[in-house]
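The next block holds one structure in the form of structure tokens; read it before the comments.
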Amino acid sequence: MTDAIRWHSATVRAHRDMTPTVREFEIRPEGGVKPWSVGSHIELQVVVDGAMQTRSYSLVGTPQADGANEVYRIAVRRAEPGRGGSRWMWSLETGTELLISEPENRFALSYGAPHTLLVAGGIGITPILGMALTLARRGSLMRMCYAARSATDFAYGAELRAALGDRLATFDGANGQRLDLGREFAALPPKAQAWVCGPLRLLDAAREAWAAAGRSAAGLHIETFGNSGHFDAEAFWCEVPRHGIRVVVPPERSLLDVLAEAGVEALSDCRRGECGLCAMDIVRTEGTIDHRDVFLGGSEKRTNQRLCACVSRVRGGGVVLDSAYRPDT
């Protein structure tokens, strides 16, 4: 449960701009860095409209990097429009004090595959960078695909080119270069595995292409940002008849948080649309459900059976939900 997070004091030691929209932060925790592995993330408390909220950021690089025993590195893309957390992060200066969690890894890299494909879309490079550097150092058979909106958006591009050489393929969207996941997956040898991180459209495309290639679902590993969707966030209403409430969810807040504030308790853990604990049954919809999770299957999303309250939203209306609550009898 998210309320079980143990928060630790930390300080921003330094920051630098990696691209016009991506800023890297070095964060020094009080008491020192805890052991972590590539694919790990930390939770961080941010301030949005005067209220504390929690955001999750992947740790950048590898634990063996210089200075890794002193700081965690994260990279934050300034999202416009967004929920406000990235704007607050970009306002931080050296010396600012923060509250962070210890590292946790739900996107761990394994080394037993005969071939590994890494795929990053935009800021999805943050967990993938360390994986690429680690596999290159180990001499593993691998390839990496990195897609971005333009040539100026390839954060850590120079570091990756130096480490991977021709094993790195970049796709510049502004120049019409498109990543063909069907072709990439078809070219993989048997029992190869793939790690993919990026916006929801990329993850949806990866799951479809992986299945179309006839590959085992266990070989595809995906991680989402937890707040990217098919539409920009907008306010929507939600009714829960079993509780007799109707709430309005503003663009910068999650449905899960607004419901909890109104007294509707729901289990939650990842708050990134990955674990499915907060999934709720949909009774009726007005508008379009923007399923931003990677937990529910395609059929459930197409038929709007359930939604993950931590990340999913509604465009152009609202939704009536049924909670797990049952009155005492």
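So you can find residues: chains in the structure tokens are A, B, ... in the order shown, residues in each start at 1, and ligands are numbered from 1 in order.
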
### Query
Skipping near chain neighbours, those fewer than 3 positions away, what residues fall within 7 Å of A:Gly95 using only C-alpha atoms, listed as a PyMOL selection string?
chain A and resi 11-13

Those residues you just picked out, can you put them in a file as a PDB file, in the first residue's frame with C-alpha atoms?
```pdb
ATOM      1  CA  THR A  11      18.739  17.187  -1.039  1.00  0.00           C
ATOM      2  CA  VAL A  12      19.085  18.266  -4.662  1.00  0.00           C
ATOM      3  CA  ARG A  13      22.855  18.255  -5.186  1.00  0.00           C
TER       4      ARG A  13
END
```

Determine, for each residue of stretch 240-277 of chain A having at least one atom at most 12 Å from an atom of stretch 195-204 of chain A, the closest pair of atoms and their separation in Å to one decimal, counting only C-alpha atoms; order by chain and ascending number, as JSON lines.
```
{"residue": "A:Arg272", "atom": "CA", "partner": "A:Leu200", "partner_atom": "CA", "distance": 11.5}
{"residue": "A:Gly273", "atom": "CA", "partner": "A:Leu200", "partner_atom": "CA", "distance": 10.7}
{"residue": "A:Glu274", "atom": "CA", "partner": "A:Leu200", "partner_atom": "CA", "distance": 11.9}
```

Restricted to N, CA and C atoms, what would the selected residues look like written as a PDB file, in the first residue's frame?
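What follows is the written file selection.pdb:
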```
ATOM      1  N   ARG A 272       0.569   3.467 -10.896  1.00  0.00           N
ATOM      2  CA  ARG A 272       1.066   3.710 -12.248  1.00  0.00           C
ATOM      3  C   ARG A 272       0.327   2.868 -13.275  1.00  0.00           C
ATOM      4  N   GLY A 273      -0.793   2.256 -12.853  1.00  0.00           N
ATOM      5  CA  GLY A 273      -1.573   1.459 -13.793  1.00  0.00           C
ATOM      6  C   GLY A 273      -0.969   0.126 -14.130  1.00  0.00           C
ATOM      7  N   GLU A 274      -0.166  -0.431 -13.236  1.00  0.00           N
ATOM      8  CA  GLU A 274       0.530  -1.678 -13.534  1.00  0.00           C
ATOM      9  C   GLU A 274       0.032  -2.868 -12.711  1.00  0.00           C
TER      10      GLU A 274
END
```

### Query
Could you pull the residues within 6 Å of A:Arg149, counting only C-alpha atoms, minus those fewer than 3 positions along the same chain, as an MDAnalysis selection string?
chainID A and resid 172:174

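Among the candidates A:Phe231, A:Trp237, A:Tyr72, A:Phe171, the residue lying nearest to A:Arg292 is A:Phe231 (atoms considered: only C-alpha atoms).
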
Do you have, as JSON lines, the list of residues of stretch 165-256 of chain A lying at most 7 Å from stretch 306-320 of chain A, each with its nearest atom pair and that distance in Å to one decimal, counting only C-alpha atoms and ordered by chain then number?
```
{"residue": "A:Gly226", "atom": "CA", "partner": "A:Val311", "partner_atom": "CA", "distance": 6.1}
{"residue": "A:Asn227", "atom": "CA", "partner": "A:Val311", "partner_atom": "CA", "distance": 5.9}
{"residue": "A:Glu234", "atom": "CA", "partner": "A:Arg315", "partner_atom": "CA", "distance": 6.7}
{"residue": "A:Phe236", "atom": "CA", "partner": "A:Gly318", "partner_atom": "CA", "distance": 5.1}
{"residue": "A:Trp237", "atom": "CA", "partner": "A:Gly318", "partner_atom": "CA", "distance": 4.5}
{"residue": "A:Cys238", "atom": "CA", "partner": "A:Val319", "partner_atom": "CA", "distance": 4.9}
{"residue": "A:Glu239", "atom": "CA", "partner": "A:Val320", "partner_atom": "CA", "distance": 4.7}
{"residue": "A:Val240", "atom": "CA", "partner": "A:Val320", "partner_atom": "CA", "distance": 5.9}
{"residue": "A:Ser254", "atom": "CA", "partner": "A:Cys310", "partner_atom": "CA", "distance": 5.9}
{"residue": "A:Leu255", "atom": "CA", "partner": "A:Ala309", "partner_atom": "CA", "distance": 5.4}
{"residue": "A:Leu256", "atom": "CA", "partner": "A:Ala309", "partner_atom": "CA", "distance": 4.8}
```

Got time to write the residues from that selection, N, CA and C atoms, as an mmCIF file, in the first residue's frame?
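What landed in part-v5.cif:
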```cif
data_model
loop_
_atom_site.group_PDB
_atom_site.id
_atom_site.type_symbol
_atom_site.label_atom_id
_atom_site.label_comp_id
_atom_site.auth_asym_id
_atom_site.auth_seq_id
_atom_site.Cartn_x
_atom_site.Cartn_y
_atom_site.Cartn_z
ATOM 1 N N GLY A 226 2.700 6.126 -16.157
ATOM 2 C CA GLY A 226 1.632 6.234 -15.188
ATOM 3 C C GLY A 226 0.734 7.430 -15.381
ATOM 4 N N ASN A 227 1.043 8.343 -16.278
ATOM 5 C CA ASN A 227 0.154 9.486 -16.486
ATOM 6 C C ASN A 227 0.024 9.860 -17.959
ATOM 7 N N GLU A 234 -8.312 16.217 -18.841
ATOM 8 C CA GLU A 234 -9.317 17.254 -18.643
ATOM 9 C C GLU A 234 -10.195 16.833 -17.466
ATOM 10 N N PHE A 236 -13.378 15.659 -15.363
ATOM 11 C CA PHE A 236 -14.514 14.783 -15.648
ATOM 12 C C PHE A 236 -15.226 14.472 -14.335
ATOM 13 N N TRP A 237 -16.477 14.013 -14.427
ATOM 14 C CA TRP A 237 -17.233 13.677 -13.226
ATOM 15 C C TRP A 237 -17.252 12.168 -13.025
ATOM 16 N N CYS A 238 -17.493 11.784 -11.800
ATOM 17 C CA CYS A 238 -17.590 10.353 -11.461
ATOM 18 C C CYS A 238 -18.665 10.184 -10.390
ATOM 19 N N GLU A 239 -19.533 9.212 -10.595
ATOM 20 C CA GLU A 239 -20.544 8.858 -9.607
ATOM 21 C C GLU A 239 -20.283 7.441 -9.094
ATOM 22 N N VAL A 240 -20.486 7.251 -7.787
ATOM 23 C CA VAL A 240 -20.416 5.924 -7.178
ATOM 24 C C VAL A 240 -21.718 5.750 -6.395
ATOM 25 N N SER A 254 -5.719 12.591 -9.672
ATOM 26 C CA SER A 254 -6.160 11.268 -10.114
ATOM 27 C C SER A 254 -7.542 10.965 -9.566
ATOM 28 N N LEU A 255 -8.271 10.113 -10.273
ATOM 29 C CA LEU A 255 -9.574 9.660 -9.806
ATOM 30 C C LEU A 255 -9.441 8.958 -8.457
ATOM 31 N N LEU A 256 -8.396 8.162 -8.293
ATOM 32 C CA LEU A 256 -8.184 7.440 -7.048
ATOM 33 C C LEU A 256 -8.093 8.388 -5.863
#
```

### Task
Please run DSSP on the backbone and report, as a PyMOL selection string, all residues within stretch 35-261 of chain A that come out as strand (DSSP E).
chain A and resi 40-48+51-58+72-77+97-100+104-105+116-121+142-148+168-172+193-197+220-223+236-240+245-249

### Task
Give me the residues within 10 Å of A:Gly130 as a PyMOL selection string, counting only C-alpha atoms and dropping any in the same chain fewer than 3 places off.
chain A and resi 37-40+59-65+109+125-127+133-136+160
